[in-house]
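Pasted below: query-v3.cif, mmCIF, C-alpha atoms.
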```
data_run
loop_
_atom_site.label_atom_id
_atom_site.label_comp_id
_atom_site.auth_asym_id
_atom_site.auth_seq_id
_atom_site.Cartn_x
_atom_site.Cartn_y
_atom_site.Cartn_z
CA MET W 192 8.87 11.99 17.49
CA TYR W 193 11.17 14.91 16.92
CA ILE W 194 13.94 15.59 14.43
CA ARG W 195 17.32 16.44 15.90
CA SER W 196 19.21 17.33 12.71
CA ILE W 197 18.85 17.36 8.93
CA ILE W 198 21.45 17.25 6.15
CA ILE W 199 20.50 18.22 2.59
CA GLU W 200 22.76 17.87 -0.45
CA HIS W 201 21.97 18.94 -4.02
CA LEU W 202 18.22 19.18 -3.43
CA ARG W 203 16.78 22.02 -5.55
CA ASN W 204 18.88 25.10 -4.67
CA HIS W 205 20.52 23.56 -1.57
CA GLU W 206 24.15 22.76 -2.30
CA HIS W 207 24.80 21.55 1.24
CA SER W 208 22.69 22.51 4.22
CA SER W 209 22.92 21.21 7.78
CA LEU W 210 20.33 22.15 10.41
CA THR W 211 20.18 21.39 14.12
CA CYS W 212 16.52 21.57 15.11
CA SER W 213 14.55 22.60 18.15
CA PRO W 214 12.32 19.86 19.59
CA GLY W 215 9.54 22.46 19.59
CA LEU W 216 9.02 25.28 17.10
CA ASN W 217 11.29 25.78 14.08
CA ILE W 218 10.71 28.91 11.98
CA ILE W 219 12.25 28.92 8.50
CA SER W 220 12.31 32.47 7.18
CA GLY W 221 13.38 34.02 3.90
CA LEU W 222 12.27 35.47 0.61
CA ASN W 223 10.49 33.35 -1.96
CA GLY W 224 12.88 31.16 -3.93
CA THR W 225 15.51 30.90 -1.19
CA GLY W 226 14.87 27.22 -0.38
CA LYS W 227 12.52 27.38 2.61
CA THR W 228 10.04 24.84 1.28
CA THR W 229 12.91 22.57 0.18
CA ILE W 230 13.75 21.96 3.84
CA LEU W 231 10.21 20.67 4.38
CA GLU W 232 10.52 18.59 1.20
CA ALA W 233 13.69 17.00 2.58
CA ILE W 234 11.81 15.99 5.74
CA SER W 235 8.95 14.70 3.60
CA ILE W 236 11.35 12.55 1.55
CA CYS W 237 12.73 11.04 4.76
CA GLY W 238 9.26 10.34 6.17
CA LEU W 239 7.09 9.66 3.11
CA SER W 240 9.82 8.64 0.62
CA LYS W 241 8.82 11.55 -1.65
CA SER W 242 8.15 15.27 -1.65
CA PHE W 243 4.68 16.43 -0.62
CA LEU W 244 4.66 18.62 -3.75
CA PRO W 245 3.81 17.21 -7.20
CA GLY W 246 6.68 16.34 -9.52
CA THR W 247 9.34 13.71 -10.10
CA ASP W 248 12.51 12.96 -8.17
CA ALA W 249 14.51 14.16 -11.17
CA ASP W 250 12.85 17.59 -10.75
CA LEU W 251 14.30 17.83 -7.24
CA ILE W 252 17.96 17.46 -8.24
CA GLN W 253 19.99 20.66 -8.11
CA LYS W 254 20.76 22.05 -11.56
CA GLY W 255 24.06 20.70 -12.89
CA LYS W 256 24.05 17.67 -10.54
CA ASP W 257 22.93 14.09 -11.14
CA SER W 258 21.69 13.14 -7.65
CA TYR W 259 20.41 14.36 -4.32
CA THR W 260 20.89 13.05 -0.78
CA VAL W 261 18.86 13.85 2.33
CA SER W 262 19.22 12.40 5.81
CA LEU W 263 18.05 13.10 9.32
CA VAL W 264 18.46 11.97 12.90
CA ALA W 265 15.37 11.82 15.11
CA SER W 266 14.16 10.52 18.46
CA SER W 267 10.86 8.83 19.28
CA ASP W 268 8.60 9.99 22.09
CA LEU W 269 10.29 7.33 24.26
CA GLY W 270 13.78 8.57 23.34
CA VAL W 271 14.62 5.76 20.89
CA PRO W 272 16.97 7.10 18.19
CA TYR W 273 15.92 6.86 14.55
CA LYS W 274 18.02 7.62 11.46
CA VAL W 275 17.02 7.63 7.81
CA GLY W 276 18.80 8.58 4.62
CA VAL W 277 17.55 8.75 1.05
CA ARG W 278 19.76 9.06 -2.02
CA TYR W 279 18.45 9.38 -5.55
CA VAL W 280 20.61 9.18 -8.68
CA GLU W 281 18.78 10.22 -11.84
CA GLY W 282 17.39 7.23 -13.68
CA GLN W 283 18.02 4.82 -10.82
CA ARG W 284 16.03 3.41 -7.93
CA LYS W 285 16.07 5.36 -4.66
CA LEU W 286 18.55 4.04 -2.10
CA ILE W 287 16.90 4.15 1.32
CA ASN W 288 18.69 3.20 4.53
CA SER W 289 17.29 3.59 8.03
CA SER W 290 17.61 2.34 11.58
CA ILE W 291 15.25 -0.51 10.71
CA GLY W 292 17.13 -1.74 7.64
CA ASP W 293 19.21 -1.06 4.54
CA ARG W 294 18.20 -0.89 0.88
CA MET W 295 14.57 -0.52 1.83
CA ASN W 296 11.54 -0.04 -0.37
CA PRO W 297 9.77 3.34 -0.08
CA LYS W 298 6.74 1.72 1.58
CA ASP W 299 8.94 0.32 4.37
CA ILE W 300 9.61 3.72 5.97
CA LEU W 301 6.04 5.04 5.84
CA GLY W 302 4.82 5.82 9.33
CA GLU W 303 8.22 5.44 10.99
CA LEU W 304 8.55 9.24 11.04
CA PRO W 305 4.88 10.32 11.11
CA LEU W 306 4.31 13.63 9.34
CA ILE W 307 1.40 16.01 8.90
CA VAL W 308 1.86 18.52 6.08
CA LEU W 309 -0.22 21.65 5.50
CA SER W 310 0.42 23.72 2.39
CA PRO W 311 -1.76 26.19 0.45
CA ASP W 312 -1.82 23.60 -2.35
CA PHE W 313 -3.79 21.27 -0.06
CA LYS W 314 -6.87 23.50 -0.21
CA GLU W 315 -7.99 21.24 -3.06
CA ILE W 316 -9.04 18.73 -0.40
CA THR W 317 -12.14 20.79 0.44
CA PHE W 318 -13.12 22.07 -3.01
CA GLY W 319 -11.07 20.16 -5.57
CA SER W 320 -11.74 16.94 -7.45
CA PRO W 321 -12.44 13.46 -6.01
CA ASP W 322 -8.83 12.61 -6.88
CA ASP W 323 -7.63 15.28 -4.41
CA ARG W 324 -9.70 13.78 -1.62
CA ARG W 325 -8.62 10.22 -2.42
CA ARG W 326 -5.02 11.45 -2.24
CA PHE W 327 -5.72 12.77 1.26
CA MET W 328 -7.06 9.36 2.37
CA ASP W 329 -4.21 7.48 0.72
CA ALA W 330 -1.52 9.69 2.26
CA LEU W 331 -2.86 9.41 5.80
CA LEU W 332 -3.76 5.71 5.70
CA SER W 333 -0.38 4.85 4.17
CA GLN W 334 1.28 6.17 7.33
CA ALA W 335 -1.30 4.60 9.63
CA LYS W 336 -1.65 1.04 8.26
CA HIS W 337 0.90 -1.00 6.31
CA VAL W 338 -1.86 -3.31 5.05
CA TYR W 339 -3.34 -0.32 3.25
CA VAL W 340 -0.08 0.38 1.45
CA ASP W 341 0.17 -3.22 0.28
CA ALA W 342 -3.41 -3.22 -1.02
CA ALA W 343 -2.90 0.12 -2.80
CA ILE W 344 0.28 -1.05 -4.53
CA THR W 345 -1.37 -4.31 -5.60
CA LEU W 346 -4.46 -2.52 -6.90
CA ARG W 347 -2.37 -0.02 -8.90
CA ARG W 348 -0.41 -2.84 -10.53
CA ILE W 349 -3.50 -4.87 -11.42
CA LEU W 350 -5.35 -1.84 -12.80
CA LYS W 351 -2.41 -1.13 -15.06
CA GLN W 352 -2.43 -4.73 -16.35
CA ARG W 353 -6.22 -4.80 -16.73
CA ASN W 354 -6.38 -1.54 -18.67
CA ALA W 355 -3.46 -2.63 -20.87
CA LEU W 356 -5.36 -5.82 -21.74
CA LEU W 357 -8.50 -3.85 -22.66
CA GLN W 358 -6.56 -1.28 -24.67
CA LYS W 359 -4.55 -3.87 -26.60
CA ALA W 360 -7.75 -5.70 -27.59
CA ARG W 361 -9.39 -2.51 -28.85
CA MET W 362 -6.25 -1.51 -30.73
CA HIS W 363 -6.36 -4.84 -32.62
CA GLY W 364 -10.13 -4.68 -33.12
CA MET W 365 -10.85 -7.83 -31.15
CA ARG W 366 -12.26 -8.94 -27.80
CA PRO W 367 -9.82 -9.34 -24.92
CA ASP W 368 -8.84 -12.74 -23.57
CA GLU W 369 -11.88 -13.10 -21.31
CA ASP W 370 -10.35 -15.79 -19.12
CA LEU W 371 -7.43 -13.48 -18.39
CA LEU W 372 -9.83 -10.57 -17.87
CA ASP W 373 -11.75 -12.62 -15.30
CA VAL W 374 -8.53 -13.50 -13.47
CA LEU W 375 -7.37 -9.87 -13.37
CA THR W 376 -10.83 -8.75 -12.26
CA ALA W 377 -10.85 -11.24 -9.39
CA SER W 378 -7.43 -9.97 -8.25
CA MET W 379 -8.60 -6.38 -8.61
CA ILE W 380 -11.72 -7.06 -6.53
CA GLU W 381 -9.63 -8.74 -3.81
CA ALA W 382 -7.25 -5.78 -3.47
CA GLY W 383 -9.97 -3.19 -4.09
CA SER W 384 -12.37 -4.54 -1.48
CA THR W 385 -9.56 -4.58 1.09
CA LEU W 386 -8.72 -0.97 0.26
CA ALA W 387 -12.33 0.22 0.28
CA SER W 388 -13.20 -1.49 3.58
CA LEU W 389 -10.16 0.13 5.21
CA ARG W 390 -11.28 3.52 3.89
CA SER W 391 -14.79 2.95 5.22
CA GLN W 392 -13.51 2.05 8.68
CA PHE W 393 -11.08 4.97 8.59
CA ILE W 394 -13.80 7.55 7.98
CA ARG W 395 -15.89 6.13 10.82
CA ASP W 396 -12.88 6.41 13.12
CA PHE W 397 -11.74 9.79 11.77
CA THR W 398 -15.08 11.62 11.94
CA PRO W 399 -15.02 12.33 15.73
CA TYR W 400 -11.50 13.75 15.39
CA PHE W 401 -12.66 16.03 12.56
CA LEU W 402 -15.75 17.24 14.41
CA GLN W 403 -13.74 18.00 17.55
CA ALA W 404 -11.06 19.83 15.55
CA TYR W 405 -13.60 22.01 13.75
CA GLU W 406 -15.31 22.89 17.01
CA THR W 407 -11.93 23.95 18.40
CA MET W 408 -10.84 25.91 15.34
CA THR W 409 -13.94 28.08 14.92
CA THR W 410 -16.03 30.13 17.30
CA LYS W 411 -19.13 29.75 15.09
CA ASN W 412 -21.83 27.17 15.68
CA GLU W 413 -21.60 25.30 12.35
CA SER W 414 -22.53 21.69 11.65
CA VAL W 415 -19.98 19.85 9.51
CA GLY W 416 -19.50 16.28 8.36
CA ILE W 417 -17.28 14.00 6.36
CA THR W 418 -18.67 10.96 4.52
CA TYR W 419 -17.07 8.21 2.47
CA VAL W 420 -18.78 7.81 -0.92
CA PRO W 421 -17.78 4.49 -2.54
CA ASP W 422 -18.06 4.31 -6.33
CA THR W 423 -20.43 1.34 -6.31
CA ALA W 424 -22.53 2.16 -3.24
CA GLN W 425 -25.63 3.44 -5.09
CA GLY W 426 -27.19 4.53 -1.83
CA GLN W 427 -26.22 1.39 0.10
CA PHE W 428 -24.16 1.44 3.28
CA LEU W 429 -21.01 -0.58 2.60
CA SER W 430 -18.48 -1.33 5.31
CA THR W 431 -17.03 -4.85 5.18
CA LYS W 432 -14.70 -6.36 2.64
CA GLU W 433 -17.49 -8.78 1.68
CA ASP W 434 -19.88 -5.85 1.04
CA PHE W 435 -17.45 -4.25 -1.38
CA SER W 436 -16.48 -7.50 -3.05
CA GLU W 437 -20.13 -8.26 -3.82
CA THR W 438 -20.87 -4.82 -5.28
CA TYR W 439 -17.67 -4.89 -7.37
CA MET W 440 -18.62 -8.24 -8.89
CA LEU W 441 -22.09 -6.92 -9.74
CA ALA W 442 -20.49 -3.83 -11.29
CA TYR W 443 -18.15 -5.99 -13.37
CA ARG W 444 -21.03 -8.02 -14.76
CA SER W 445 -23.08 -4.96 -15.66
CA LEU W 446 -20.20 -2.87 -17.04
CA LYS W 447 -18.13 -5.55 -18.79
CA GLU W 448 -19.24 -4.77 -22.34
CA GLU W 449 -18.91 -1.03 -21.79
CA GLU W 450 -15.40 -1.54 -20.37
CA ILE W 451 -14.45 -3.54 -23.46
CA ARG W 452 -15.87 -0.83 -25.71
CA ARG W 453 -14.13 2.01 -23.88
CA ALA W 454 -10.97 -0.01 -23.09
CA SER W 455 -10.93 1.21 -19.49
CA THR W 456 -11.81 0.03 -15.98
CA LEU W 457 -15.07 1.72 -15.01
CA PHE W 458 -15.51 0.72 -11.36
CA GLY W 459 -13.45 0.35 -8.19
CA PRO W 460 -11.97 2.36 -5.33
CA GLN W 461 -9.94 4.46 -7.77
CA LYS W 462 -13.27 6.24 -8.42
CA ASP W 463 -14.34 6.81 -4.78
CA ASP W 464 -14.92 10.21 -3.22
CA LEU W 465 -15.20 11.91 0.15
CA GLU W 466 -18.04 14.33 0.77
CA ILE W 467 -17.17 17.16 3.15
CA SER W 468 -20.31 19.00 4.21
CA ILE W 469 -21.25 22.14 6.08
CA HIS W 470 -24.83 22.80 7.22
CA GLY W 471 -25.92 19.79 5.18
CA GLY W 472 -24.56 21.08 1.85
CA ARG W 473 -21.43 20.06 -0.06
CA ALA W 474 -18.59 22.25 1.17
CA ARG W 475 -17.00 22.54 -2.27
CA GLU W 476 -20.19 24.18 -3.51
CA THR W 477 -21.55 26.12 -0.52
CA ALA W 478 -18.68 26.96 1.86
CA SER W 479 -17.30 30.49 2.03
CA GLN W 480 -13.59 31.14 1.63
CA GLY W 481 -13.23 31.43 5.40
CA GLN W 482 -15.12 28.18 5.95
CA HIS W 483 -12.88 26.40 3.45
CA LYS W 484 -9.84 27.53 5.44
CA SER W 485 -11.37 26.38 8.72
CA LEU W 486 -12.36 23.02 7.20
CA LEU W 487 -8.87 22.42 5.81
CA ILE W 488 -7.12 23.31 9.06
CA SER W 489 -9.57 21.13 10.98
CA ILE W 490 -8.95 18.17 8.66
CA LYS W 491 -5.22 18.56 9.11
CA TRP W 492 -5.50 18.88 12.88
CA ALA W 493 -7.73 15.81 12.94
CA GLU W 494 -5.04 14.01 10.89
CA PHE W 495 -2.52 14.90 13.57
CA THR W 496 -4.56 13.59 16.50
CA TYR W 497 -5.74 10.49 14.60
CA LEU W 498 -2.23 9.54 13.47
CA ARG W 499 -0.82 10.22 16.95
CA ASP W 500 -3.33 7.82 18.47
CA VAL W 501 -2.97 5.11 15.80
CA ARG W 502 0.84 5.14 15.73
CA ASN W 503 1.24 5.94 19.45
CA GLU W 504 3.80 8.53 18.37
CA THR W 505 3.57 12.32 18.06
CA PRO W 506 3.73 13.37 14.38
CA VAL W 507 5.99 16.16 13.21
CA LEU W 508 4.07 19.13 11.76
CA LEU W 509 5.19 20.78 8.51
CA PHE W 510 3.46 24.11 7.73
CA ASP W 511 4.45 25.60 4.38
CA ASP W 512 3.68 29.33 4.24
CA ILE W 513 0.15 28.84 5.56
CA PHE W 514 -0.01 31.96 7.71
CA SER W 515 -0.04 34.22 4.66
CA GLU W 516 -3.38 32.51 3.86
CA LEU W 517 -4.91 33.03 7.32
CA ASP W 518 -6.35 36.04 9.11
CA GLY W 519 -5.13 37.04 12.56
CA GLU W 520 -7.77 35.06 14.45
CA ARG W 521 -7.06 31.78 12.63
CA THR W 522 -3.29 32.34 12.88
CA ALA W 523 -3.56 32.75 16.66
CA LYS W 524 -5.74 29.64 17.00
CA VAL W 525 -3.38 27.49 14.92
CA LEU W 526 -0.30 28.72 16.79
CA GLN W 527 -1.94 28.05 20.15
CA GLN W 528 -2.98 24.54 19.07
CA VAL W 529 0.56 23.83 17.88
CA LEU W 530 2.13 25.01 21.11
CA ASP W 531 -0.40 23.16 23.27
CA SER W 532 0.17 19.90 21.38
CA GLY W 533 3.87 19.73 22.19
CA ALA W 534 4.56 18.57 18.63
CA GLN W 535 7.74 19.52 16.85
CA THR W 536 6.72 22.01 14.17
CA PHE W 537 8.46 23.46 11.11
CA ILE W 538 6.94 26.65 9.69
CA THR W 539 8.10 28.44 6.55
CA THR W 540 7.37 32.14 6.22
CA THR W 541 8.55 35.26 4.43
CA GLU W 542 7.97 37.22 7.64
CA GLY W 543 9.84 35.43 10.38
CA GLU W 544 10.06 38.39 12.76
CA LYS W 545 6.33 39.07 12.40
CA LEU W 546 5.51 35.46 13.24
CA ILE W 547 7.85 35.53 16.23
CA GLY W 548 6.03 38.65 17.42
CA ALA W 549 2.76 36.72 17.42
CA LEU W 550 4.12 33.99 19.71
CA PRO W 551 3.20 33.91 23.40
CA GLU W 552 5.88 35.28 25.70
CA ASN W 553 8.72 32.88 26.62
CA THR W 554 7.98 30.52 23.69
CA GLU W 555 11.09 28.53 22.80
CA TYR W 556 11.91 28.37 19.11
CA GLU W 557 14.73 28.07 16.59
CA LEU W 558 14.93 30.57 13.71
CA PHE W 559 16.57 29.58 10.43
CA THR W 560 17.11 32.44 7.99
CA ALA W 561 18.09 32.20 4.33
CA PRO W 562 20.69 31.61 2.98
CA PHE W 563 20.73 28.17 4.63
CA GLU W 564 24.06 26.43 5.21
#
```
As a first step, turn the structure in this file into structure tokens.
Amino acid sequence: MYIRSIIIEHLRNHEHSSLTCSPGLNIISGLNGTGKTTILEAISICGLSKSFLPGTDADLIQKGKDSYTVSLVASSDLGVPYKVGVRYVEGQRKLINSSIGDRMNPKDILGELPLIVLSPDFKEITFGSPDDRRRFMDALLSQAKHVYVDAAITLRRILKQRNALLQKARMHGMRPDEDLLDVLTASMIEAGSTLASLRSQFIRDFTPYFLQAYETMTTKNESVGITYVPDTAQGQFLSTKEDFSETYMLAYRSLKEEEIRRASTLFGPQKDDLEISIHGGRARETASQGQHKSLLISIKWAEFTYLRDVRNETPVLLFDDIFSELDGERTAKVLQQVLDSGAQTFITTTEGEKLIGALPENTEYELFTAPFE
């Protein structure tokens, strides 16, 4: 897949910007605060239905305006045209139209324009909280498998209802309606076991990609691993939906009174983790700064190759100011991998000319320099 053109209106500090893109390398250069990252956010909105940065849609609207609009025209690897446009008016539901339909839900466009995003903020994947690593799994699997999106949406809705039931009972000093609690728990276990089994299978499939990427990205002989750690595993190996369903039901029975007391759901895939290891130790505790960088880049490169194979479509790469975080050796390796992959790539940088100087001779690229119009 590659993006032919992008139009941005009233998104952050972009009044109106129109870009015609190279099918290969696109370098977006300018000082901080000039709107470089906003171009990547616009692509993210068209591919993922939201920005890859935290915040609300209202935060994205240009000051003094009440809406934003982003749209792009792309082509698949087979040359099939694809268009998508997203308009958001403050306080209203997003209006999403694409080549596959009008007035679509956000989940409907996930994976149609596969994206891999690498930003300095994503370093939390290797040494942040379990929530950061679950977000990584959710983001990738949402593009790879529509069934995962459906299960995640269902689980989120049921958890909200279940916690509301528990909280209302505690607020009134009484026990919850236990028949209703049982019904909500059964629905939660159904969606949760689907989600967890998909995560388990994903990590088994993803691990070879990760190991190969790390071997490519570093010259050192280091053993690394990535392991799915389900909340209810307790040392067991869980893989099938039935495995997870059984352990969730056991957890419900043992934790029910504590859940009622604390008015909160205490088990389920919303508490899972990923363990990223290096030389047998947890990376978040033992890895050096350089190893963290290599691990993160390897995870992202493994995302690219995994998603390419699953979707049978080359993802677009979005790199937000990552080269300021890398030394010369890692910068050269990443650039070479990008160029060898043939993937369309967007790179933001404050030093466009310096980055161009690091490119191999005769590399084709497009340079966009602030102010963008």
**Report entry** Surrounding residues of W:Asp329 excluding itself and chain neighbours under 2 positions, 12 Å, only C-alpha atoms, as a PyMOL selection string
**Finding:** chain W and resi 239+301+322-327+331-344+386-387+389-390+393+460-461+463-465
To test your reading of the syntax: which residues would the PyMOL selection byres ((chain W and resi 228-230) around 8) return for the file shown? Reply as a CSV table (one decimal) with C-alpha atoms, keeping the file's coordinate frame.
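File selection23.csv, as written:
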```
chain,number,residue,atom,x,y,z
W,199,ILE,CA,20.5,18.2,2.6
W,202,LEU,CA,18.2,19.2,-3.4
W,203,ARG,CA,16.8,22.0,-5.6
W,205,HIS,CA,20.5,23.6,-1.6
W,226,GLY,CA,14.9,27.2,-0.4
W,227,LYS,CA,12.5,27.4,2.6
W,231,LEU,CA,10.2,20.7,4.4
W,232,GLU,CA,10.5,18.6,1.2
W,233,ALA,CA,13.7,17.0,2.6
W,234,ILE,CA,11.8,16.0,5.7
W,511,ASP,CA,4.4,25.6,4.4
W,539,THR,CA,8.1,28.4,6.6
```
Requested in this report: Check which residues satisfy the PyMOL selection byres ((chain W and resi 488) around 10) in the file shown, then give them as a count of residues only.
Outcome: 22
Report task. Could you tell me which of W:Ala442, W:Leu371, W:Leu269, W:Val280 comes closest to W:Asp257 if we count all atoms listed in the file? Result ->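 Using all atoms listed in the file, W:Asp257 sits closest to W:Val280.
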**Report entry** Nearby residues, (13.9, 6.7, -3.6) file frame, 8 Å, all atoms listed in the file, as a VMD selection string
**Finding:** chain W and resid 240 to 241 248 277 to 279 284 to 287 296 to 297
